[in-house]
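Okay, structure first, notes after.
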Amino acid sequence: MSTVGETSNVLHPLVEKYLRKERMPHMACSGCGIGQVVHSVLLAIDELGLTPKDTVWVQGVGCSSRITYSTWVGDNVDAHHGRMFAVATGLKMARPDMNFICFTGDGDCGAIGGNHFIHACRRNLDVTAILFNNGIYGMTGGQVAPTSPVGAVTTTTPYGNIEDPFDMCQMAVAAGASYVARWRVTDFKALTNSLKKGIQTKGLAFIEVLLQCPTNFGRYVLKTSNPQDVLKWIKDHSVSQKEAEKLSKEELAGKYLIGEFVHRPERTGIVERYQEFLKTYQKY
Amino acid sequence: MPSGVIPGKYFVQGDEAIAEGAIAAGCRFFAGYPITPSSETSETMARRLPEVGGVCLQMEDELASIHAVGAASVGGLKALTISSGPGISLKLEGLGWGIKNEIPYVVADVQRAGPSNGVATRVGQGDFYTIRYGSAGGNHSIIALSPKSTQEAFDLTIDCFNLSEIFRCPVFLLTDETVGHTRELLVIPEEDELKVVKRFKPTVPPEKFVMYPLDTPGVINYPFPNIGEGYGICVSPYTHNSKGYASTAQDIQEKMARRLVLKVTENLDKLVRVESQKMEDAEFAVIAYGGNARPAVAAVDMAREQGMKVGFFRPIIVWPFPDAEVLKVAEKVKNILVCELNIDGQLSREVARASKGKAEVFHFGSGGVEPHLPAQISNEIRRLYK
């Protein structure tokens, strides 16, 4: 038994099975929600029977990626900042038989990699992408993100953020992804099931997770270092789609909708279409 | 894998020859973004790659195309991307990822007149240093070959692919609009006459394989296991140890940087590719590369007819710069005239450095749009010839 302040040598069985022990402990700050999301991902992988031989982890740059990259016991491909979807496109087209679990953050996906994100959705690339949305740039020290709420005080918006945030899920739906959903990090079961569904869906599965960053979002936006306060803020600012039906437009302002937005497994994507296309045009 | 080589004689542009060379070299992935004067390569790949079961994608931008190309190579496909000036500026962002992770692929740069958008449809030679030093952070070598004709565009593209596998790095084909758009004879030989280097594969089990040989920095012909082959590879943008794990340690940074430089500089003997004409008795040398070598050769012939002892020298490999061969030229002649399509002096600066003061080096530049005319160069030779 370890006590508070000591590092436990006991690893979770899923970590033992799927992650590189020499890469543990990971570099997440205390109270960060990324570990909880990785737990869901590993559970989904385990329950679906994916293996290190047939599955690759792909990352961009930021907390989502720096914490998860080179941890999977199989192959790990970590891209430049924002280029995760471009790299995933090259990988998946080269190896359409393999599964790609892709990790990105709100800065990586919504800002510097926004163009690659919408085009991957348009192509409906058959990969599973998990967006870790903490509403701020964590790795670089609390700068405003394209997902930060209006009014948020950050290190680069000392007088409050005047820009509206992106709704990344609505973008993914509009651009054509097969499966789009958003969960809170605390929706453990729903998130795990959604990941399983996403991995099994042909085409792009885009799953956004709202998670707590006490170190930066807590410190600068909410003036707290307590992860529970950030989780409470997420709870207070999110509402299920069903609950949302009963609320007025004013009551919904500034709230994240939670749930599955689209599931269209019938929509084909570039991987399938390219293989079909080769049947006609391959000569040699 | 089907070779897809189509032996025969063709009347095509240099840009098309690049595509055929790539396919002959085993390239099965292309990603690009339309840009003049390189688009004919993209168009040829879009028609030809599906025929050989390859993947051809037009991406959303230059960044996506170079990253997809690097990733496809990690996935096991030989890969090509192509661009010109403004697109090359963007591609440099992705180049570092390929360099650092030692990913074999080829980037062709069909130079046009710059800076910025410049003159999209007309020739320039301003990217000589861009491709060498443009990827921020330094600590790496670059290999770049430059063709002067349609035939060489084909031959050197195969050479670029081979060198990318041998040295485990991105390799440039530094061409220009003159070569890219010149329509002339291309002879594609029979498949068994082509020398094609396949990707080197590990011969030891995963637990014994070292992904990044930081302790033997000069090693070449080194295996690159792809995803799905059971080697559990790690590719990332960060300074890495021999397994690919990020490190902030000074000794790891030092070893990785040395690996990325020394694998090229310790094997320069395998990289000499130069052309000399009429240098035996020369007292004056003209140096040019790429498409601008063509008027330079004609000017040397004109000067010879006028009784001047002038020779011609061309670096076919422009990076690493053939210092030793240029020094031999400088030791032989009094003056060297470097003809290139930029005003700032790029090739001439390297020639001056490599000459070590053994000959006087003159820069004869033009901003581009038109290549030099033979008469312009021969007039300059006559003016300087003593």
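In the structure tokens, chains take letters A, B, ... by order of appearance, with residues numbered from 1 within each chain and ligands from 1 in the order shown.
Residues from chain A that have an atom within 7 Å of chain B, counting only C-alpha atoms, are Lys53, Asp54, Ser70, Val73, Gly74, Asp75, Asn76, Val77, Asp78, Ala79, His80, Arg83, Ala86, Val87, Thr89, Gly90, Leu91, Ala94, Arg95, His116, His119, Leu278, Tyr281, Gln282, Lys283 and Tyr284 of chain A.
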Step one, run DSSP on the backbone; step two, keep only residues of region 48-277 of chain A assigned to strand (DSSP E or B); then write them as number ranges by chain. A: 55-59, 72, 75-78, 99-105, 128-133, 137, 143, 154, 157, 179-184, 205-210, 238-240, 256-263
Given the selection you just returned, output its residues as a file containing C-alpha atoms, formatted as a CSV table (one decimal), in the first residue's frame.
```csv
chain,number,residue,atom,x,y,z
A,55,THR,CA,-3.1,-1.2,-33.8
A,56,VAL,CA,-1.0,2.0,-33.9
A,57,TRP,CA,-1.2,5.0,-31.7
A,58,VAL,CA,-0.9,8.4,-33.4
A,59,GLN,CA,-0.5,11.8,-31.7
A,72,TRP,CA,1.7,2.0,-26.5
A,75,ASP,CA,3.9,1.2,-32.9
A,76,ASN,CA,3.8,4.9,-32.0
A,77,VAL,CA,3.8,7.7,-34.5
A,78,ASP,CA,3.8,11.2,-33.1
A,99,ASN,CA,-6.3,0.3,-36.7
A,100,PHE,CA,-5.3,3.8,-35.8
A,101,ILE,CA,-6.1,5.4,-32.4
A,102,CYS,CA,-5.3,9.1,-32.7
A,103,PHE,CA,-4.9,11.5,-29.9
A,104,THR,CA,-5.2,15.3,-30.3
A,105,GLY,CA,-5.8,18.4,-28.2
A,128,THR,CA,-10.6,6.9,-34.4
A,129,ALA,CA,-9.6,10.4,-33.2
A,130,ILE,CA,-9.9,11.4,-29.5
A,131,LEU,CA,-9.9,15.1,-28.8
A,132,PHE,CA,-8.7,16.0,-25.3
A,133,ASN,CA,-10.4,19.3,-24.7
A,137,TYR,CA,-2.9,25.5,-23.9
A,143,GLN,CA,-2.5,30.5,-23.1
A,154,THR,CA,-5.4,33.2,-19.5
A,157,THR,CA,-5.8,37.1,-22.5
A,179,TYR,CA,-19.3,9.1,-35.9
A,180,VAL,CA,-19.2,12.2,-33.7
A,181,ALA,CA,-19.7,12.3,-29.9
A,182,ARG,CA,-18.8,14.4,-26.9
A,183,TRP,CA,-18.4,13.3,-23.3
A,184,ARG,CA,-17.2,14.6,-19.9
A,205,ALA,CA,-14.9,8.6,-35.5
A,206,PHE,CA,-14.4,11.9,-33.7
A,207,ILE,CA,-14.8,11.7,-29.9
A,208,GLU,CA,-14.3,14.9,-27.9
A,209,VAL,CA,-13.7,14.6,-24.1
A,210,LEU,CA,-14.0,17.6,-21.8
A,238,SER,CA,-22.5,20.8,-19.8
A,239,VAL,CA,-25.9,19.3,-20.5
A,240,SER,CA,-27.1,16.1,-22.2
A,256,TYR,CA,-21.4,22.0,-24.0
A,257,LEU,CA,-23.9,19.5,-25.4
A,258,ILE,CA,-23.1,15.9,-24.3
A,259,GLY,CA,-23.8,12.8,-26.2
A,260,GLU,CA,-23.7,11.2,-29.6
A,261,PHE,CA,-24.3,13.7,-32.4
A,262,VAL,CA,-24.1,11.5,-35.4
A,263,HIS,CA,-23.6,7.8,-36.2
```
Within 10 Å of Gly345 (chain B), counting only C-alpha atoms, which residues qualify if same-chain residues fewer than 2 places away don't, as number ranges by chain? B: 125-126, 128, 338-343, 347-350, 362-366
Contacts of region 147-151 of chain B within 12 Å, only C-alpha atoms, excl. fewer than 5 positions in-chain, as number ranges by chain: B: 9-21, 108-111, 156-160, 172-189, 273-275, 288-297, 314-318
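Going from CA of Ile287 (chain B) to CA of Asn267 (chain B) covers 24.3 Å.
Between Thr201 (chain A) and the candidates A:Glu266, A:Asp167, A:Glu243, A:Asp187, the tightest atom-to-atom separation, counting only C-alpha atoms, involves A:Glu266.
Interatomic distance, CA of Met24 (chain A) to CA of Ser65 (chain A): 14.7 Å.
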Quick one: DSSP alpha helix (DSSP H) residues in region 38-279 of chain A, as number ranges by chain? A: 38-48, 63-66, 84-94, 106-107, 114-123, 168-175, 188-200, 227-236, 241-244, 249-252, 270-279
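Between CA of Gly124 (chain B) and CA of Gln346 (chain B) the separation is 12.0 Å.
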